[in-house]
Amino acid sequence: MRRPDVHADTAADDRSEVRRAVTRFLGLGLLALVVVAVPAALWIRAEAEQHALANAIVMTDRLAEYSIGPLVTQDVLDGDRRAMAELDAWVRPWLAEDAIVRIKIWNTDGRIVYSDVPQLVGRRFDTPQWWSRVVAGGAGEASLGHHLAPDNAYESDSGELVEVYVRAHAETGQLLIVEAYFDDAAVRAEQTAVLLGMAPVFLLSLALLQLVQLLPAIRLARRIQVHQANRRRLLQFAVEASDLERRRIARDLHDEVIQDLAGLSYALEAEATHGSHVPGTLLERARAILRANIQTLRGITRDLYPADLDTLGLDTALARLADPLLERGIEVTVSVPDAGPDRSLDRERSALIYRVAREALSNVLKHSGADSVELSLTRNDFRVLLIIRDDGCGFDPSAAPTTGHLGLRILRDTVDVAGGSLTVQSTIGGGTSVIVSLDRPFMVRGR
């Protein structure tokens, strides 16, 4: 199996994160565009409707003042049939054009003087609140919709209509109110034209604003990507430099100090065998001290650079970390199921898992006073999970870190940069749990 390119995977993950950030920005921008555009479109539509109704008032006002008003003679006001027929003859052609659906002429008291529906002539209806304003010379009144008032009995089945009221003067100078009903198609067409004229400009402006904001967002995301990559490289260099220094120290201790001490031990043994003026108990004590120091130094070199990880693999190396605890009488349960080649970790991540486990078990041995420890390593298609749990004295995680726990604090930063998480859960008297999680991008995938 070819060793994975961790830096290439990391760079790919960084690019993926930038793409996700840009996608989130675009998604939120699109959502904001919709949130702003929908109310804006409704507002433009309402304004377009008011504009169209205002035009309908102007058109009706001209029709009433210059065409209908002069035709309303005193005979029409008196209800003369012949005069009414003549007025009706003038009005009918306008109705035949389909633009105007109905025409009514009212006096100021709310009585219908003329209508193209003869049944309404002479009837009186209650006037709305705005009536007096129009009679007094105010602007006309227009509305669009279904009209169901009592005087609209003959228009209620016609669907949506534009109803317009304007003031006019009869031939005699008497004030009149002219009511006209228009097909809503003309108003809707004007409304649509205004909406289509304004909405694209508005939406394009919002879209342009999003694009202008997108460029700085992409640059910021790339700067963050570069910063993360640099930080990851620096940490990787620091870890590699630390490993090199550990190897050098371990080699120097093994090749020089330990060899010298071993030679001294042999010399003392020879001196004791061939006779010496030095008391035997003193020689034996010196030899015991030397043997203990040699064993300690060998343990230090083993901890400085664990050869077990390279020769035995992560699973067996983790199991061997339990040996010092077992020698102290601490019960250790190790659960490291075989994950298979497709779920194995690369060298860097294996070393990271190993360091965390070694540091956590070292803390258990030195500080916890635990009777039992559980170590488990699980791997699946999505992540690798290391859990080390003891039943020791525990500590307060919120307190300042002691010397024993400072190593875990440093390793937590390393795990975080590697894209994982290291969590320490502990309570005083309740034991401690160390949990490490690394996501799938840092695992070896099947080739």
# chains A, B, ... in the order shown; residues from 1 in each chain; ligands from 1
>>> residues_around(residues="stretch 143-153 of chain A", least_positions_apart="5", cutoff="8 Å", atoms="only C-alpha atoms", output="list in words")
Leu53, Leu120, Phe125, Gly159, Glu160, Leu161, Val162, Glu163, Val164 and Asp184 of chain A
>>> write_last_selection(atoms="C-alpha atoms", output="CSV table (one decimal), in the first residue's frame")
chain,number,residue,atom,x,y,z
A,53,LEU,CA,-55.6,53.4,-10.4
A,120,LEU,CA,-81.0,51.4,-10.8
A,125,PHE,CA,-78.0,54.1,-1.5
A,159,GLY,CA,-65.1,39.3,-11.4
A,160,GLU,CA,-62.5,41.9,-10.6
A,161,LEU,CA,-63.3,45.4,-11.8
A,162,VAL,CA,-61.8,48.8,-11.5
A,163,GLU,CA,-64.3,51.1,-9.8
A,164,VAL,CA,-63.8,54.8,-10.1
A,184,ASP,CA,-59.2,45.0,-14.8
>>> atom_distance(atom1="atom CA of A:Ala193", atom2="atom CA of A:Ala41")
12.9 Å
>>> residues_around(residues="A:Leu375", least_positions_apart="5", cutoff="10 Å", atoms="only C-alpha atoms", output="PyMOL selection string")
chain A and resi 318-319+321-322+332-336+357+361+386-390+433-434
>>> write_last_selection(atoms="N, CA and C atoms", output="CSV table (one decimal), in the first residue's frame")
chain,number,residue,atom,x,y,z
A,318,LEU,N,0.2,0.0,21.4
A,318,LEU,CA,-0.7,0.4,22.4
A,318,LEU,C,-0.9,-0.6,23.5
A,319,ALA,N,-1.0,-1.9,23.1
A,319,ALA,CA,-1.1,-2.9,24.1
A,319,ALA,C,0.1,-3.0,25.0
A,321,LEU,N,1.9,-0.5,26.0
A,321,LEU,CA,1.9,0.6,26.9
A,321,LEU,C,1.3,0.2,28.3
A,322,ALA,N,0.6,-0.8,28.3
A,322,ALA,CA,0.0,-1.3,29.6
A,322,ALA,C,1.0,-1.9,30.5
A,332,VAL,N,-5.4,-3.3,33.8
A,332,VAL,CA,-5.6,-2.6,32.5
A,332,VAL,C,-6.4,-3.5,31.5
A,333,THR,N,-7.4,-2.9,30.9
A,333,THR,CA,-8.2,-3.6,29.9
A,333,THR,C,-7.9,-2.9,28.6
A,334,VAL,N,-7.4,-3.6,27.6
A,334,VAL,CA,-7.1,-3.0,26.3
A,334,VAL,C,-8.0,-3.6,25.3
A,335,SER,N,-8.7,-2.8,24.5
A,335,SER,CA,-9.6,-3.2,23.5
A,335,SER,C,-9.2,-2.5,22.2
A,336,VAL,N,-8.5,-3.2,21.3
A,336,VAL,CA,-8.0,-2.7,20.0
A,336,VAL,C,-8.4,-3.7,18.9
A,357,ALA,N,-1.9,8.3,23.9
A,357,ALA,CA,-2.1,7.2,24.8
A,357,ALA,C,-0.9,7.1,25.8
A,361,LEU,N,-1.5,7.4,29.8
A,361,LEU,CA,-1.2,6.3,30.7
A,361,LEU,C,-0.1,6.7,31.6
A,386,LEU,N,-10.1,7.1,20.1
A,386,LEU,CA,-9.3,6.5,21.2
A,386,LEU,C,-9.9,7.0,22.5
A,387,ILE,N,-10.1,6.1,23.4
A,387,ILE,CA,-10.7,6.4,24.8
A,387,ILE,C,-9.8,5.7,25.8
A,388,ILE,N,-9.3,6.5,26.8
A,388,ILE,CA,-8.6,6.0,27.9
A,388,ILE,C,-9.3,6.5,29.2
A,389,ARG,N,-9.8,5.6,30.0
A,389,ARG,CA,-10.6,5.9,31.2
A,389,ARG,C,-10.0,5.2,32.4
A,390,ASP,N,-9.9,6.0,33.5
A,390,ASP,CA,-9.4,5.4,34.7
A,390,ASP,C,-10.3,5.7,35.9
A,433,SER,N,-11.2,10.7,31.9
A,433,SER,CA,-11.4,10.1,30.6
A,433,SER,C,-10.7,11.0,29.6
A,434,VAL,N,-9.9,10.4,28.7
A,434,VAL,CA,-9.2,11.1,27.6
A,434,VAL,C,-9.8,10.6,26.3
>>> closest_residue(among="A:Arg45, A:Gly122, A:Ala54, A:Arg233", to="A:Val76", atoms="only C-alpha atoms")
A:Gly122
>>> residues_around(residues="A:Thr73", least_positions_apart="6", cutoff="12 Å", atoms="only C-alpha atoms", output="number ranges by chain")
A: 79-80, 82-84, 86-87, 113-114, 169-174, 176
>>> residues_around(residues="A:Asn55", least_positions_apart="3", cutoff="12 Å", atoms="only C-alpha atoms", output="ChimeraX atom specification")
/A:48-52,58-62,140-143,162,164,182,186-187,190-191
